[in-house]
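Novice: Attaching a single structure in structure tokens format; questions to follow.
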Amino acid sequence: MASKTLLLAFATTALTFSASAYSAQFSSIIDVIAIPKNVEYNVNGWEDVEKIQGIEWEWPYYESGAHDSTMVGTTKVGNSKNPNIGYTQINVNGARTFITNIEIMIQNEGGNPSKSEINKLFGSGEIIKIASSCDQDYATWADATYQFKRSKEQPVFIRYGSSWGASGSGAVTIAVANNLVYLNDYDDCYDKKTLEKWSDY
């Protein structure tokens, strides 16, 4: 009986470790994008990209200017041994001296947008859904925008899209920024009233 209890405890611990590793994988992206409360600046510099954990970058942050103010890296989401499942590209975009948004593109892994998916990928935080003209909610195609807020930082904004084929293959595309304006560069999803409303939070 004791050995069975020990095995059960070990299995539970292993499962918990695996789940937590997946759930907190991109919390360091929030660390880089979010602006602390009660500071005078409203952008973060390229050197902050070094704080993002678990990414293999194609070049160091100080060479971002030579690559049109971008950085590109890769990582893997999930535990599949298939390299095509969970293969993830990270793009950091910005201007000469600061970053504006971070894109996460996950192949053949993940779920449709929801508050639980946001928490699973980015860790704990208060989440509010933001209505936009790009919202979609189909089983094979979904798109949603959220405000994500931690206690010691100003809010960040997350646009989460997913698209799945009949075979189950597909992708999740996520963009993270500390200003909703920086997410509007993609598809003009947020009108002036929405941008003004969420700039006050």
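Every chain in the structure tokens takes a letter, A first, then B, and so on in the order presented; its residues are numbered from 1, and the ligands are numbered from 1 following the presented order.
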List as a list of chain:residue names the protein and nucleic acid residues near Trp164 (chain A), meaning an atom at most 10 Å away when only C-alpha atoms are counted, but skip any in the same chain fewer than 2 places from it.

Specialist: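 Residues near the query, excluding close chain neighbours: A:Asn108, A:Glu109, A:Gly111, A:Asn112, A:Tyr138, A:Ala139, A:Thr140, A:Trp141, A:Ala142, A:Ser162, A:Ala166, A:Ser167, A:Gly168, A:Ser169, A:Gly170, A:Ala171, A:Val172.
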
Novice: Can you tell me, as an NGL selection string, which residues in region 6-194 of chain A count as strand (DSSP E) by DSSP?

Specialist: :A and (56-57 or 70-76 or 87-94 or 99-107 or 126-130 or 136-137 or 141-149 or 156-164 or 170-177)

Novice: When you count only C-alpha atoms, which of these residues is closest to Gln89 (chain A): A:Ala24, A:Ile55, A:Leu121, A:Ala177?

Specialist: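 Going through A:Ala24, A:Ile55, A:Leu121, A:Ala177 one by one, the smallest distance to Gln89 (chain A) is for A:Ile55.
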
Novice: So that I can check the surroundings of Ile158 (chain A), please list as a PDB file with C-alpha atoms, in the first residue's frame every protein, DNA and RNA residue that reaches within 7 Å of it, counting only C-alpha atoms and ignoring chain neighbours fewer than 6 positions away.

Specialist:
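New file result.pdb:
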```pdb
ATOM      1  CA  THR A 145      -8.606  40.547 -27.471  1.00  0.00           C
ATOM      2  CA  TYR A 146      -7.956  40.793 -23.743  1.00  0.00           C
ATOM      3  CA  GLN A 147      -6.555  43.156 -21.184  1.00  0.00           C
ATOM      4  CA  ILE A 174      -0.764  35.889 -30.302  1.00  0.00           C
ATOM      5  CA  ALA A 175       0.315  39.522 -30.169  1.00  0.00           C
ATOM      6  CA  VAL A 176       1.190  41.231 -26.871  1.00  0.00           C
ATOM      7  CA  ALA A 177       1.653  44.984 -26.313  1.00  0.00           C
TER       8      ALA A 177
END
```

Novice: Select, from A:Leu183, A:Ile99, A:Val72, A:Ile85, the residue with the minimum atom-to-atom distance to Asp48 (chain A), counting only C-alpha atoms.

Specialist: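 With only C-alpha atoms as the atom set, the closest residue is A:Ile99.
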
Novice: Which residue is closest to Arg96 (chain A)? Choose from A:Ile118, A:Ala66, A:Val77, A:Val181 and count only C-alpha atoms.

Specialist: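 Of the candidates, the smallest distance to Arg96 (chain A) is held by A:Ala66.
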
Novice: Report the distance between CA of Thr70 (chain A) and CA of Val92 (chain A) in Å, rounded to one decimal place.

Specialist: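 Separation between CA of Thr70 (chain A) and CA of Val92 (chain A): 5.4 Å.
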
Novice: Would you work out the distance separating CA of Asn44 (chain A) from CA of Ser64 (chain A), expressed in Å to one decimal?

Specialist: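 Distance reported for this atom pair: 14.1 Å.
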
Novice: At what distance in Å, to one decimal, does CA of Asp187 (chain A) lie from CA of Asp31 (chain A)?

Specialist: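 So the answer is 25.6 Å.
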
Novice: Taking the DSSP secondary structure from the backbone, can you list the residues of region 98-186 of chain A that are helix (DSSP H, G or I), as a list in words?

Specialist: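 Those residues are Lys115, Ser116, Glu117, Ile118, Asn119, Lys120, Leu121, Phe122, Leu180, Val181, Tyr182, Leu183, Asn184, Asp185 and Tyr186 of chain A.
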
Novice: With only C-alpha atoms as the atoms that count, which of A:Arg159, A:Arg150, A:Gln107, A:Trp46 lies nearest to Ser132 (chain A)?

Specialist: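 Smallest distance to Ser132 (chain A) is found for A:Arg159.
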
Novice: Measuring atom to atom with only C-alpha atoms, identify which of A:Ala34, A:Glu40, A:Glu47, A:Phe26 is nearest to Lys120 (chain A).

Specialist: A:Phe26

Novice: If you count only C-alpha atoms, which residues fall within 12 Å of region 194-196 of chain A, apart from same-chain ones fewer than 4 positions away, as a ChimeraX atom specification?

Specialist: /A:130-133,145,157,179-184,188-190,200-201

Novice: Those residues with N, CA, C and O atoms, as a short mmCIF file (atom, residue, chain, number, x, y, z; two decimals), in the first residue's frame please?

Specialist:
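To be explicit, this is the file written out as part.cif:
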```
data_model
loop_
_atom_site.label_atom_id
_atom_site.label_comp_id
_atom_site.auth_asym_id
_atom_site.auth_seq_id
_atom_site.Cartn_x
_atom_site.Cartn_y
_atom_site.Cartn_z
N ILE A 130 -12.01 42.41 -24.40
CA ILE A 130 -12.26 43.67 -25.08
C ILE A 130 -12.94 43.38 -26.42
O ILE A 130 -12.41 42.64 -27.25
N ALA A 131 -14.11 43.95 -26.62
CA ALA A 131 -14.83 43.75 -27.89
C ALA A 131 -14.10 44.47 -29.02
O ALA A 131 -13.60 45.58 -28.85
N SER A 132 -14.03 43.82 -30.18
CA SER A 132 -13.40 44.44 -31.34
C SER A 132 -14.11 43.99 -32.61
O SER A 132 -14.86 43.00 -32.62
N SER A 133 -13.84 44.69 -33.70
CA SER A 133 -14.46 44.34 -34.98
C SER A 133 -13.87 43.08 -35.57
O SER A 133 -14.40 42.55 -36.55
N THR A 145 -9.57 39.63 -28.07
CA THR A 145 -8.61 40.55 -27.47
C THR A 145 -8.88 40.67 -25.98
O THR A 145 -10.05 40.73 -25.57
N PHE A 157 -2.01 44.25 -23.30
CA PHE A 157 -3.11 43.84 -24.16
C PHE A 157 -2.67 42.66 -25.02
O PHE A 157 -1.55 42.64 -25.54
N ASN A 179 0.18 48.80 -25.14
CA ASN A 179 -0.76 49.82 -25.61
C ASN A 179 -1.59 49.20 -26.72
O ASN A 179 -1.04 48.59 -27.64
N LEU A 180 -2.90 49.35 -26.63
CA LEU A 180 -3.79 48.73 -27.63
C LEU A 180 -3.50 49.26 -29.03
O LEU A 180 -3.73 48.56 -30.03
N VAL A 181 -2.99 50.47 -29.13
CA VAL A 181 -2.64 51.05 -30.43
C VAL A 181 -1.65 50.16 -31.18
O VAL A 181 -1.73 49.99 -32.40
N TYR A 182 -0.71 49.55 -30.44
CA TYR A 182 0.31 48.71 -31.07
C TYR A 182 -0.25 47.40 -31.61
O TYR A 182 0.41 46.72 -32.40
N LEU A 183 -1.45 47.02 -31.18
CA LEU A 183 -2.10 45.84 -31.76
C LEU A 183 -2.97 46.22 -32.95
O LEU A 183 -3.37 45.35 -33.71
N ASN A 184 -3.27 47.49 -33.10
CA ASN A 184 -4.13 47.93 -34.19
C ASN A 184 -3.40 48.00 -35.52
O ASN A 184 -4.01 48.21 -36.56
N ASP A 188 -6.55 46.76 -37.93
CA ASP A 188 -7.41 47.89 -37.60
C ASP A 188 -8.69 47.40 -36.90
O ASP A 188 -9.81 47.73 -37.30
N CYS A 189 -8.50 46.63 -35.83
CA CYS A 189 -9.63 46.00 -35.13
C CYS A 189 -10.33 46.92 -34.14
O CYS A 189 -11.46 46.65 -33.74
N TYR A 190 -9.68 48.00 -33.73
CA TYR A 190 -10.19 48.81 -32.62
C TYR A 190 -10.44 50.23 -33.10
O TYR A 190 -9.53 50.91 -33.59
N ASP A 200 -7.30 54.54 -20.81
CA ASP A 200 -7.50 55.10 -19.47
C ASP A 200 -7.28 54.09 -18.36
O ASP A 200 -7.36 54.42 -17.18
N TYR A 201 -7.05 52.79 -18.72
CA TYR A 201 -6.93 51.75 -17.70
C TYR A 201 -5.49 51.58 -17.29
O TYR A 201 -4.59 51.82 -18.08
#
```

Novice: Determine the nearest neighbour of Ile33 (chain A) from the options A:Gln154, A:Gln53, A:Asn84, A:Gln136, counting only C-alpha atoms.

Specialist: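 Looking at the shortest contact to Ile33 (chain A), the residue is A:Gln154.
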